[in-house]
>>> print(open('run-v1.cif').read())   # mmCIF, C-alpha atoms and all ligand atoms
data_data
loop_
_atom_site.label_atom_id
_atom_site.label_comp_id
_atom_site.auth_asym_id
_atom_site.auth_seq_id
_atom_site.Cartn_x
_atom_site.Cartn_y
_atom_site.Cartn_z
CA MET A 34 123.30 110.55 99.84
CA LYS A 35 121.94 108.48 102.69
CA ALA A 36 119.50 105.79 101.59
CA VAL A 37 118.36 102.34 102.57
CA ARG A 38 118.97 99.84 99.77
CA ILE A 39 118.63 96.12 99.17
CA TYR A 40 121.39 94.34 97.27
CA GLU A 41 119.55 91.01 97.36
CA TYR A 42 116.13 89.74 98.43
CA GLY A 43 115.61 88.28 101.88
CA GLY A 44 114.86 89.13 105.51
CA PRO A 45 114.87 92.56 107.17
CA GLU A 46 118.68 92.35 107.55
CA LYS A 47 118.94 92.80 103.76
CA LEU A 48 118.04 96.48 104.23
CA VAL A 49 121.40 98.26 104.14
CA PHE A 50 121.83 101.85 105.31
CA ASP A 51 124.18 103.42 102.71
CA THR A 52 125.75 106.84 103.18
CA GLU A 53 127.02 107.13 99.62
CA ALA A 54 124.11 106.07 97.44
CA PRO A 55 123.95 108.03 94.16
CA GLU A 56 121.71 111.10 94.24
CA PRO A 57 118.65 110.97 91.96
CA VAL A 58 118.57 113.28 88.92
CA VAL A 59 115.81 115.86 88.38
CA SER A 60 114.25 116.02 84.91
CA GLY A 61 112.19 118.86 83.41
CA ASP A 62 108.87 117.72 84.85
CA SER A 63 110.06 116.61 88.27
CA VAL A 64 110.93 117.98 91.68
CA LEU A 65 113.81 117.13 94.01
CA VAL A 66 112.48 116.66 97.54
CA GLU A 67 114.64 116.76 100.67
CA ALA A 68 112.77 114.06 102.51
CA ALA A 69 111.52 114.59 106.05
CA ALA A 70 110.10 111.08 106.27
CA THR A 71 108.79 107.99 104.56
CA SER A 72 106.64 105.22 106.00
CA VAL A 73 106.63 101.43 106.11
CA ASN A 74 103.91 99.71 104.08
CA PRO A 75 103.33 95.94 103.86
CA ILE A 76 104.27 96.04 100.15
CA ASP A 77 107.77 97.21 101.16
CA TRP A 78 108.54 94.03 103.09
CA LYS A 79 106.74 91.84 100.52
CA ILE A 80 109.04 93.31 97.82
CA ARG A 81 112.14 93.06 100.06
CA SER A 82 111.49 89.37 100.72
CA GLY A 83 111.38 88.60 96.98
CA ALA A 84 107.72 87.47 97.15
CA ARG A 85 106.68 90.10 94.57
CA GLN A 86 109.56 89.68 92.09
CA LYS A 87 107.18 88.73 89.24
CA ASP A 88 104.88 91.76 89.42
CA VAL A 89 107.41 94.27 90.84
CA PRO A 90 110.76 93.45 89.19
CA LEU A 91 113.69 95.48 90.57
CA THR A 92 117.17 96.28 89.35
CA LEU A 93 119.42 95.69 92.37
CA PRO A 94 120.66 97.46 94.37
CA ALA A 95 117.30 99.18 94.82
CA ILE A 96 115.76 101.73 97.15
CA LEU A 97 112.33 100.66 98.44
CA GLY A 98 109.47 102.86 99.65
CA ARG A 99 106.35 104.57 98.25
CA ASP A 100 105.60 107.48 100.61
CA VAL A 101 107.53 110.72 100.93
CA SER A 102 107.02 114.01 102.71
CA GLY A 103 109.58 116.80 102.83
CA VAL A 104 110.71 120.14 101.47
CA VAL A 105 111.36 121.05 97.83
CA ARG A 106 115.09 121.56 97.11
CA SER A 107 114.87 122.25 93.36
CA VAL A 108 112.43 121.98 90.47
CA GLY A 109 112.74 120.97 86.79
CA ALA A 110 112.52 123.58 84.01
CA ASN A 111 108.84 122.81 83.26
CA VAL A 112 107.63 122.94 86.87
CA HIS A 113 105.86 126.14 87.89
CA ASN A 114 103.56 125.14 90.77
CA PHE A 115 106.32 124.25 93.28
CA LYS A 116 109.34 126.22 94.49
CA PRO A 117 112.28 125.53 96.81
CA GLY A 118 111.17 125.45 100.43
CA ASP A 119 107.59 124.24 99.77
CA ARG A 120 106.31 121.53 102.13
CA VAL A 121 105.18 118.60 100.01
CA VAL A 122 103.98 114.99 100.07
CA ALA A 123 103.53 112.32 97.39
CA LEU A 124 103.02 108.71 96.45
CA ALA A 125 106.35 108.07 94.71
CA ASN A 126 109.11 105.46 94.41
CA ALA A 127 112.54 104.93 96.00
CA THR A 128 111.54 106.92 99.07
CA TYR A 129 113.76 105.26 101.71
CA ALA A 130 116.28 108.07 101.07
CA GLU A 131 117.15 111.60 102.07
CA LEU A 132 116.59 112.87 98.50
CA VAL A 133 113.66 111.75 96.35
CA VAL A 134 112.75 112.79 92.80
CA VAL A 135 109.00 113.09 92.28
CA ASP A 136 107.02 113.78 89.11
CA ALA A 137 105.43 117.19 89.78
CA ALA A 138 102.06 115.84 88.58
CA VAL A 139 101.79 113.54 91.62
CA LEU A 140 103.14 115.99 94.21
CA THR A 141 100.97 118.12 96.47
CA HIS A 142 101.49 120.70 99.20
CA VAL A 143 101.17 119.76 102.87
CA PRO A 144 98.68 122.21 104.38
CA ASP A 145 99.69 124.41 107.31
CA GLY A 146 98.60 122.69 110.52
CA CYS A 147 99.36 119.20 109.17
CA ASP A 148 102.56 117.69 110.61
CA LEU A 149 105.17 117.26 107.86
CA VAL A 150 106.60 114.02 109.25
CA ASP A 151 103.23 112.35 109.90
CA ALA A 152 102.13 113.36 106.38
CA ALA A 153 104.48 110.62 105.15
CA ALA A 154 102.08 108.05 106.60
CA LEU A 155 99.31 109.08 104.21
CA PRO A 156 99.93 108.62 100.48
CA LEU A 157 99.79 104.87 99.79
CA ILE A 158 97.19 104.00 102.40
CA ALA A 159 94.96 106.96 101.52
CA MET A 160 95.05 106.16 97.80
CA THR A 161 94.38 102.48 98.43
CA GLY A 162 91.51 102.98 100.88
CA ASP A 163 89.92 105.69 98.77
CA GLN A 164 90.23 103.78 95.49
CA LEU A 165 88.97 100.58 97.14
CA VAL A 166 85.70 102.34 97.94
CA ARG A 167 85.31 104.71 94.97
CA VAL A 168 86.80 102.64 92.13
CA ALA A 169 86.75 98.93 93.08
CA VAL A 170 83.51 98.94 95.08
CA ARG A 171 81.91 101.93 93.29
CA GLY A 172 80.32 102.89 96.61
CA GLN A 173 77.03 104.85 96.60
CA ARG A 174 75.20 106.87 99.26
CA ASP A 175 73.03 104.76 101.63
CA GLN A 176 74.60 101.47 100.57
CA THR A 177 75.94 99.19 103.30
CA ILE A 178 79.66 98.43 103.08
CA VAL A 179 81.76 96.13 105.26
CA VAL A 180 85.37 97.33 105.62
CA THR A 181 87.70 94.61 106.88
CA GLY A 182 90.82 95.47 108.87
CA ALA A 183 89.06 98.75 109.61
CA LEU A 184 91.59 99.70 112.31
CA GLY A 185 94.50 99.17 109.91
CA SER A 186 95.84 102.03 107.83
CA VAL A 187 94.12 101.21 104.51
CA GLY A 188 90.99 100.19 106.43
CA ARG A 189 90.79 103.56 108.21
CA ALA A 190 91.11 105.36 104.89
CA ALA A 191 88.39 103.16 103.35
CA VAL A 192 86.07 103.86 106.30
CA HIS A 193 86.74 107.59 105.93
CA THR A 194 85.89 107.62 102.21
CA ALA A 195 82.80 105.44 102.67
CA ARG A 196 81.48 107.79 105.35
CA LYS A 197 82.15 110.80 103.16
CA LEU A 198 80.11 109.14 100.43
CA GLY A 199 77.23 108.68 102.89
CA MET A 200 77.48 104.89 103.09
CA ARG A 201 76.42 102.80 106.10
CA VAL A 202 79.73 101.37 107.31
CA VAL A 203 80.35 98.14 109.21
CA ALA A 204 83.91 98.00 110.53
CA ALA A 205 85.05 94.37 110.51
CA VAL A 206 87.87 93.74 112.98
CA ARG A 207 89.20 91.15 115.43
CA GLY A 208 86.84 90.52 118.39
CA ALA A 209 89.38 92.11 120.74
CA GLN A 210 89.26 95.32 118.68
CA LEU A 211 85.45 95.85 118.70
CA ALA A 212 85.42 98.70 121.23
CA GLU A 213 88.23 100.55 119.46
CA ALA A 214 86.42 100.14 116.14
CA ALA A 215 83.14 101.42 117.60
CA ALA A 216 85.00 104.63 118.48
CA LEU A 217 85.24 105.29 114.72
CA GLY A 218 81.50 106.01 114.97
CA VAL A 219 80.40 103.07 112.81
CA GLU A 220 78.80 99.66 113.30
CA THR A 221 81.16 96.78 114.04
CA LEU A 222 81.56 93.08 113.29
CA ALA A 223 84.01 90.54 114.76
CA ILE A 224 85.50 88.72 111.78
CA ASP A 225 87.26 86.11 113.88
CA ASP A 226 83.77 84.98 114.99
CA LEU A 227 82.16 82.75 112.34
CA ALA A 228 78.80 82.89 114.14
CA ALA A 229 78.82 86.70 113.97
CA ILE A 230 79.61 86.58 110.26
CA GLY A 231 76.81 84.03 109.80
CA LYS A 232 74.29 86.43 111.38
CA LEU A 233 75.27 89.36 109.16
CA ALA A 234 72.51 90.26 106.68
CA LYS A 235 73.60 90.52 103.04
CA VAL A 236 75.40 93.77 102.23
CA ASP A 237 75.86 95.87 99.09
CA ALA A 238 79.64 95.90 99.21
CA VAL A 239 82.81 94.76 100.93
CA ALA A 240 86.13 96.63 100.94
CA ASP A 241 88.63 94.01 102.05
CA THR A 242 92.13 94.71 103.37
CA VAL A 243 92.66 91.38 105.18
CA GLY A 244 92.41 88.72 102.46
CA GLY A 245 92.48 84.93 102.88
CA GLU A 246 89.62 82.88 104.30
CA THR A 247 88.12 85.90 106.09
CA ALA A 248 87.67 87.60 102.74
CA ALA A 249 86.19 84.44 101.26
CA ALA A 250 83.64 84.19 104.10
CA LEU A 251 82.56 87.79 103.55
CA LEU A 252 82.23 87.41 99.79
CA ALA A 253 79.33 85.05 100.55
CA LYS A 254 77.63 87.95 102.35
CA VAL A 255 77.45 90.26 99.33
CA LYS A 256 74.08 90.64 97.57
CA ASP A 257 73.76 89.55 93.96
CA GLY A 258 74.66 92.60 91.88
CA GLY A 259 76.89 93.86 94.70
CA THR A 260 80.60 94.61 94.68
CA PHE A 261 83.66 93.26 96.47
CA GLY A 262 86.89 95.23 96.33
CA TYR A 263 90.12 93.90 97.79
CA ALA A 264 93.62 95.16 98.45
CA SER A 265 95.36 92.06 99.72
CA GLY A 266 94.49 88.69 98.16
CA LEU A 267 91.74 86.12 97.73
CA PRO A 268 92.09 82.33 97.91
CA GLU A 269 92.46 80.86 94.39
CA GLY A 270 89.11 80.32 92.67
CA THR A 271 87.01 82.18 95.26
CA ALA A 272 85.76 84.99 93.02
CA GLU A 273 84.63 82.52 90.34
CA LYS A 274 82.13 81.01 92.78
CA TYR A 275 80.17 84.29 92.81
CA PRO A 276 79.47 85.29 89.20
CA ALA A 277 76.70 87.68 90.30
CA ILE A 278 79.17 89.82 92.29
CA THR A 279 81.70 92.20 90.76
CA VAL A 280 85.05 91.34 92.37
CA THR A 281 87.85 93.86 91.76
CA ARG A 282 91.37 94.15 93.09
CA VAL A 283 92.57 97.68 93.76
CA LEU A 284 96.04 98.71 92.64
CA ALA A 285 96.64 102.12 94.17
CA ARG A 286 97.64 104.86 91.75
CA PRO A 287 98.83 108.37 92.61
CA ASP A 288 96.25 111.16 92.85
CA ALA A 289 97.76 114.37 94.20
CA SER A 290 94.45 116.17 94.77
CA LYS A 291 93.11 113.23 96.76
CA ILE A 292 96.25 113.10 98.94
CA ARG A 293 95.74 116.81 99.58
CA GLU A 294 92.10 116.13 100.55
CA PHE A 295 93.23 113.53 103.10
CA ALA A 296 95.90 115.90 104.44
CA ASP A 297 93.26 118.63 104.82
CA ASP A 298 91.02 116.18 106.67
CA VAL A 299 93.94 115.29 108.99
CA ARG A 300 94.49 119.00 109.68
CA ASP A 301 90.78 119.44 110.40
CA GLY A 302 90.65 116.41 112.71
CA LYS A 303 88.22 114.62 110.36
CA PHE A 304 90.63 111.79 109.52
CA VAL A 305 92.87 110.23 112.14
CA LEU A 306 95.74 107.95 111.17
CA PRO A 307 97.64 106.96 114.31
CA VAL A 308 101.42 106.81 113.85
CA SER A 309 102.66 104.26 116.38
CA ARG A 310 106.40 104.93 116.01
CA ARG A 311 108.87 107.31 114.46
CA MET A 312 112.18 105.60 113.80
CA PRO A 313 115.34 106.86 112.07
CA LEU A 314 115.76 105.72 108.46
CA ARG A 315 118.93 103.86 109.43
CA GLU A 316 116.73 101.57 111.58
CA ALA A 317 114.63 100.46 108.60
CA ALA A 318 115.58 96.81 109.20
CA GLU A 319 114.24 96.94 112.78
CA ALA A 320 111.12 98.72 111.51
CA HIS A 321 110.48 95.99 108.92
CA ALA A 322 110.96 93.24 111.53
CA LEU A 323 108.37 94.95 113.77
CA ALA A 324 105.91 95.58 110.95
CA GLU A 325 106.07 92.03 109.63
CA ARG A 326 105.26 90.59 113.04
CA GLY A 327 101.89 92.41 112.83
CA GLY A 328 100.03 94.64 115.27
CA ALA A 329 102.81 97.28 115.14
CA GLY A 330 100.64 100.07 113.73
CA LYS A 331 101.93 102.65 111.25
CA ILE A 332 105.70 103.23 111.39
CA VAL A 333 107.21 106.42 110.00
CA LEU A 334 110.92 106.54 109.11
CA LEU A 335 112.69 109.85 109.67
CA ALA A 336 114.97 110.75 106.78
CA ARG A 337 117.03 113.31 108.74
N1 LIG B 401 96.79 96.72 96.23
C1 LIG B 401 97.33 97.84 96.68
O1 LIG B 401 97.53 98.81 95.92
C2 LIG B 401 97.69 97.93 98.13
C3 LIG B 401 98.19 99.14 98.63
C4 LIG B 401 98.43 99.22 100.00
C5 LIG B 401 98.21 98.12 100.81
N2 LIG B 401 97.80 96.96 100.26
C6 LIG B 401 97.59 95.76 101.10
O2 LIG B 401 96.51 96.02 101.99
C7 LIG B 401 96.73 95.29 103.20
C8 LIG B 401 96.55 96.21 104.41
O3 LIG B 401 97.59 97.19 104.41
P1 LIG B 401 97.70 98.22 105.64
O4 LIG B 401 98.78 99.17 105.30
O5 LIG B 401 96.35 98.72 106.00
O6 LIG B 401 98.19 97.23 106.80
P2 LIG B 401 97.90 97.38 108.38
O7 LIG B 401 97.92 98.80 108.76
O8 LIG B 401 98.80 96.41 109.04
O9 LIG B 401 96.40 96.91 108.54
C9 LIG B 401 95.98 95.58 108.48
C10 LIG B 401 94.84 95.46 109.46
O10 LIG B 401 94.17 94.22 109.25
C11 LIG B 401 94.07 93.56 110.50
N3 LIG B 401 94.04 92.12 110.26
C12 LIG B 401 95.01 91.37 109.67
N4 LIG B 401 94.60 90.09 109.60
C13 LIG B 401 93.36 90.03 110.17
C14 LIG B 401 92.42 89.00 110.36
N5 LIG B 401 92.64 87.74 109.99
N6 LIG B 401 91.25 89.31 110.98
C15 LIG B 401 90.99 90.58 111.35
N7 LIG B 401 91.83 91.62 111.18
C16 LIG B 401 93.01 91.33 110.59
C17 LIG B 401 95.28 94.01 111.29
O11 LIG B 401 95.05 93.81 112.67
P3 LIG B 401 96.34 93.53 113.61
O12 LIG B 401 97.15 94.79 113.60
O13 LIG B 401 95.72 93.22 114.91
O14 LIG B 401 97.07 92.37 112.97
C18 LIG B 401 95.32 95.49 110.91
O15 LIG B 401 94.40 96.23 111.68
C19 LIG B 401 98.12 94.67 103.08
O16 LIG B 401 98.01 93.32 102.66
C20 LIG B 401 98.79 95.48 101.98
O17 LIG B 401 99.80 94.78 101.29
C21 LIG B 401 97.52 96.84 98.94
#
>>> encode(input="run-v1.cif", output="structure tokens", more="lines below")
Ligand SMILES: NC(=O)c1ccc[n+]([C@@H]2O[C@H](COP(=O)([O-])OP(=O)(O)OC[C@H]3O[C@@H](n4cnc5c(N)ncnc54)[C@H](OP(=O)(O)O)[C@@H]3O)[C@@H](O)[C@H]2O)c1
Amino acid sequence: MKAVRIYEYGGPEKLVFDTEAPEPVVSGDSVLVEAAATSVNPIDWKIRSGARQKDVPLTLPAILGRDVSGVVRSVGANVHNFKPGDRVVALANATYAELVVVDAAVLTHVPDGCDLVDAAALPLIAMTGDQLVRVAVRGQRDQTIVVTGALGSVGRAAVHTARKLGMRVVAAVRGAQLAEAAALGVETLAIDDLAAIGKLAKVDAVADTVGGETAAALLAKVKDGGTFGYASGLPEGTAEKYPAITVTRVLARPDASKIREFADDVRDGKFVLPVSRRMPLREAAEAHALAERGGAGKIVLLAR
């Protein structure tokens, strides 16, 4: 089958478009999906570069990718809730390929009215944003939460979940992005402006997708007893300086019903995740180069 594989770690050029990669095998509890699309997530290029070898060890050659949308080709003997032809989406593994095997327990249907290709943009970012707010931050109605990188993919999902929970949301973005962030219908904060951060009153929670010194500056703005959830990274030793704050890293896990909820909200126009580009799978290397430079938005890779 066609798939994009890495044979060794390194730059975007290490992504090789193979036309004769071995097809994955369906077991009793899984489903074979003819992929329509996958999407590029920052973790893909962090793994490709070798930076995550310790926590995500791979057997090379390996197929990268976490998101898949497509059509069911066949199902395992124990699978009764999917049939060939169903439109589906999942948070899975080895998704930079035209065929992807997915455990039926993490697969969900794409609702009518939701674009099958754009559905591939959802799984990882929706799970991460949602679990940042519900699990890491333990967000509650009427609490104030700052969401950093709120115009990024995980940030948009975190804002969406926080609003659904009835939280007061402050979207923390670059100064140049304030107007765009205000269009999300929430309050805004420029996080490249130290004076603006200084003026911010203490908040109940932060959902951070940016990391680094920005995250460290915002941790100081959380009330004692408050929560700080993060998806990216914190400077060494930062969390220890704030023993009165619960600091939790999110590690996104699959939740099929929650992916379906996000897909329903996309269909209903309640959640908007802009897809900036659709590129063919064979151009994965170009897509990674663009994504790593930053500011590229969400890139979807077309599997056929
Ligand atoms: N732990 C997990 O399970 C998990 C899962 C998924 C993602 N993640 C991590 O979460 C992070 C976000 O992922 P994503 O898919 O949302 O990426 P993304 O779509 O590129 O979003 C990142 C956003 O943050 C903004 N940003 C970056 N640095 C900034 C800074 N210093 N000040 C203000 N804004 C800044 C970016 O703005 P520009 O576009 O202008 O640069 C962009 O809007 C990544 O580090 C990713 O690895 C973790």
>>> atom_distance(input="run-v1.cif", atom1="atom CA of A:Val299", atom2="atom CA of A:Val121")
14.8 Å
>>> residues_near_ligand(input="run-v1.cif", ligand="ligand LIG 401 (chain B)", cutoff="9 Å", atoms="all atoms listed in the file", output="PyMOL selection string")
chain A and resi 73-79+157-162+164-165+181-190+205-210+223-225+241-248+263-266+282-286+324-331
>>> residues_near_point(input="run-v1.cif", point="(78.1, 86.6, 95.2)", cutoff="12 Å", atoms="all atoms listed in the file", output="PDB file with C-alpha atoms, in the coordinates of the input")
ATOM      1  CA  LYS A 235      73.600  90.520 103.040  1.00  0.00           C
ATOM      2  CA  VAL A 236      75.400  93.770 102.230  1.00  0.00           C
ATOM      3  CA  ASP A 237      75.860  95.870  99.090  1.00  0.00           C
ATOM      4  CA  ALA A 238      79.640  95.900  99.210  1.00  0.00           C
ATOM      5  CA  VAL A 239      82.810  94.760 100.930  1.00  0.00           C
ATOM      6  CA  ALA A 249      86.190  84.440 101.260  1.00  0.00           C
ATOM      7  CA  ALA A 250      83.640  84.190 104.100  1.00  0.00           C
ATOM      8  CA  LEU A 251      82.560  87.790 103.550  1.00  0.00           C
ATOM      9  CA  LEU A 252      82.230  87.410  99.790  1.00  0.00           C
ATOM     10  CA  ALA A 253      79.330  85.050 100.550  1.00  0.00           C
ATOM     11  CA  LYS A 254      77.630  87.950 102.350  1.00  0.00           C
ATOM     12  CA  VAL A 255      77.450  90.260  99.330  1.00  0.00           C
ATOM     13  CA  LYS A 256      74.080  90.640  97.570  1.00  0.00           C
ATOM     14  CA  ASP A 257      73.760  89.550  93.960  1.00  0.00           C
ATOM     15  CA  GLY A 258      74.660  92.600  91.880  1.00  0.00           C
ATOM     16  CA  GLY A 259      76.890  93.860  94.700  1.00  0.00           C
ATOM     17  CA  THR A 260      80.600  94.610  94.680  1.00  0.00           C
ATOM     18  CA  PHE A 261      83.660  93.260  96.470  1.00  0.00           C
ATOM     19  CA  THR A 271      87.010  82.180  95.260  1.00  0.00           C
ATOM     20  CA  ALA A 272      85.760  84.990  93.020  1.00  0.00           C
ATOM     21  CA  GLU A 273      84.630  82.520  90.340  1.00  0.00           C
ATOM     22  CA  LYS A 274      82.130  81.010  92.780  1.00  0.00           C
ATOM     23  CA  TYR A 275      80.170  84.290  92.810  1.00  0.00           C
ATOM     24  CA  PRO A 276      79.470  85.290  89.200  1.00  0.00           C
ATOM     25  CA  ALA A 277      76.700  87.680  90.300  1.00  0.00           C
ATOM     26  CA  ILE A 278      79.170  89.820  92.290  1.00  0.00           C
ATOM     27  CA  THR A 279      81.700  92.200  90.760  1.00  0.00           C
ATOM     28  CA  VAL A 280      85.050  91.340  92.370  1.00  0.00           C
TER      29      VAL A 280
END
>>> closest_residue(input="run-v1.cif", among="A:Ser309, A:Thr52, A:Ser107, A:Thr281", to="A:Val133", atoms="all atoms listed in the file")
A:Ser107
>>> closest_residue(input="run-v1.cif", among="A:Ala240, A:Leu314, A:Val64, A:Ala154", to="A:Val166", atoms="all atoms listed in the file")
A:Ala240
>>> axis_aligned_box(input="run-v1.cif", around="stretch 196-201 of chain A", padding_each_side="8 Å", output="JSON")
{"center_x": 79.3, "center_y": 106.8, "center_z": 103.3, "size_x": 21.7, "size_y": 24.0, "size_z": 21.7}
>>> decode(input="run-v1.cif", residues="stretch 158-179 of chain A", atoms="N, CA and C atoms", output="PDB file, in the first residue's frame")
ATOM      1  N   ILE A 158      -6.325  16.834  18.343  1.00  0.00           N
ATOM      2  CA  ILE A 158      -6.444  18.171  18.961  1.00  0.00           C
ATOM      3  C   ILE A 158      -7.698  18.277  19.819  1.00  0.00           C
ATOM      4  N   ALA A 159      -8.765  17.598  19.399  1.00  0.00           N
ATOM      5  CA  ALA A 159     -10.005  17.645  20.187  1.00  0.00           C
ATOM      6  C   ALA A 159      -9.804  16.932  21.525  1.00  0.00           C
ATOM      7  N   MET A 160      -9.171  15.749  21.482  1.00  0.00           N
ATOM      8  CA  MET A 160      -8.940  15.010  22.728  1.00  0.00           C
ATOM      9  C   MET A 160      -8.034  15.804  23.663  1.00  0.00           C
ATOM     10  N   THR A 161      -7.002  16.419  23.095  1.00  0.00           N
ATOM     11  CA  THR A 161      -6.046  17.149  23.939  1.00  0.00           C
ATOM     12  C   THR A 161      -6.701  18.382  24.569  1.00  0.00           C
ATOM     13  N   GLY A 162      -7.384  19.172  23.747  1.00  0.00           N
ATOM     14  CA  GLY A 162      -8.021  20.384  24.270  1.00  0.00           C
ATOM     15  C   GLY A 162      -9.089  20.044  25.298  1.00  0.00           C
ATOM     16  N   ASP A 163      -9.880  19.035  24.989  1.00  0.00           N
ATOM     17  CA  ASP A 163     -10.972  18.656  25.897  1.00  0.00           C
ATOM     18  C   ASP A 163     -10.412  18.115  27.218  1.00  0.00           C
ATOM     19  N   GLN A 164      -9.406  17.240  27.121  1.00  0.00           N
ATOM     20  CA  GLN A 164      -8.858  16.633  28.344  1.00  0.00           C
ATOM     21  C   GLN A 164      -8.010  17.626  29.146  1.00  0.00           C
ATOM     22  N   LEU A 165      -7.446  18.630  28.454  1.00  0.00           N
ATOM     23  CA  LEU A 165      -6.753  19.704  29.181  1.00  0.00           C
ATOM     24  C   LEU A 165      -7.716  20.368  30.149  1.00  0.00           C
ATOM     25  N   VAL A 166      -8.911  20.672  29.656  1.00  0.00           N
ATOM     26  CA  VAL A 166      -9.874  21.441  30.454  1.00  0.00           C
ATOM     27  C   VAL A 166     -10.622  20.539  31.450  1.00  0.00           C
ATOM     28  N   ARG A 167     -11.079  19.375  30.989  1.00  0.00           N
ATOM     29  CA  ARG A 167     -11.892  18.530  31.885  1.00  0.00           C
ATOM     30  C   ARG A 167     -11.055  17.728  32.874  1.00  0.00           C
ATOM     31  N   VAL A 168      -9.900  17.204  32.418  1.00  0.00           N
ATOM     32  CA  VAL A 168      -9.133  16.272  33.254  1.00  0.00           C
ATOM     33  C   VAL A 168      -7.982  16.993  33.969  1.00  0.00           C
ATOM     34  N   ALA A 169      -7.131  17.701  33.213  1.00  0.00           N
ATOM     35  CA  ALA A 169      -5.963  18.336  33.832  1.00  0.00           C
ATOM     36  C   ALA A 169      -6.379  19.522  34.703  1.00  0.00           C
ATOM     37  N   VAL A 170      -7.229  20.383  34.148  1.00  0.00           N
ATOM     38  CA  VAL A 170      -7.636  21.602  34.870  1.00  0.00           C
ATOM     39  C   VAL A 170      -8.835  21.334  35.797  1.00  0.00           C
ATOM     40  N   ARG A 171      -9.603  20.317  35.494  1.00  0.00           N
ATOM     41  CA  ARG A 171     -10.859  20.022  36.218  1.00  0.00           C
ATOM     42  C   ARG A 171     -11.754  21.269  36.273  1.00  0.00           C
ATOM     43  N   GLY A 172     -11.977  21.835  35.081  1.00  0.00           N
ATOM     44  CA  GLY A 172     -12.722  23.085  34.953  1.00  0.00           C
ATOM     45  C   GLY A 172     -14.146  22.989  35.476  1.00  0.00           C
ATOM     46  N   GLN A 173     -14.617  24.068  36.121  1.00  0.00           N
ATOM     47  CA  GLN A 173     -15.966  24.139  36.689  1.00  0.00           C
ATOM     48  C   GLN A 173     -16.670  25.392  36.166  1.00  0.00           C
ATOM     49  N   ARG A 174     -17.986  25.304  36.080  1.00  0.00           N
ATOM     50  CA  ARG A 174     -18.826  26.449  35.685  1.00  0.00           C
ATOM     51  C   ARG A 174     -18.442  27.699  36.490  1.00  0.00           C
ATOM     52  N   ASP A 175     -18.424  28.843  35.800  1.00  0.00           N
ATOM     53  CA  ASP A 175     -18.166  30.170  36.385  1.00  0.00           C
ATOM     54  C   ASP A 175     -16.725  30.416  36.827  1.00  0.00           C
ATOM     55  N   GLN A 176     -15.857  29.409  36.700  1.00  0.00           N
ATOM     56  CA  GLN A 176     -14.440  29.678  36.952  1.00  0.00           C
ATOM     57  C   GLN A 176     -13.851  30.460  35.776  1.00  0.00           C
ATOM     58  N   THR A 177     -12.766  31.184  36.054  1.00  0.00           N
ATOM     59  CA  THR A 177     -12.051  31.874  34.974  1.00  0.00           C
ATOM     60  C   THR A 177     -10.851  31.030  34.558  1.00  0.00           C
ATOM     61  N   ILE A 178     -10.753  30.790  33.243  1.00  0.00           N
ATOM     62  CA  ILE A 178      -9.645  29.992  32.704  1.00  0.00           C
ATOM     63  C   ILE A 178      -8.943  30.782  31.596  1.00  0.00           C
ATOM     64  N   VAL A 179      -7.621  30.795  31.638  1.00  0.00           N
ATOM     65  CA  VAL A 179      -6.831  31.357  30.541  1.00  0.00           C
ATOM     66  C   VAL A 179      -6.422  30.190  29.646  1.00  0.00           C
TER      67      VAL A 179
END
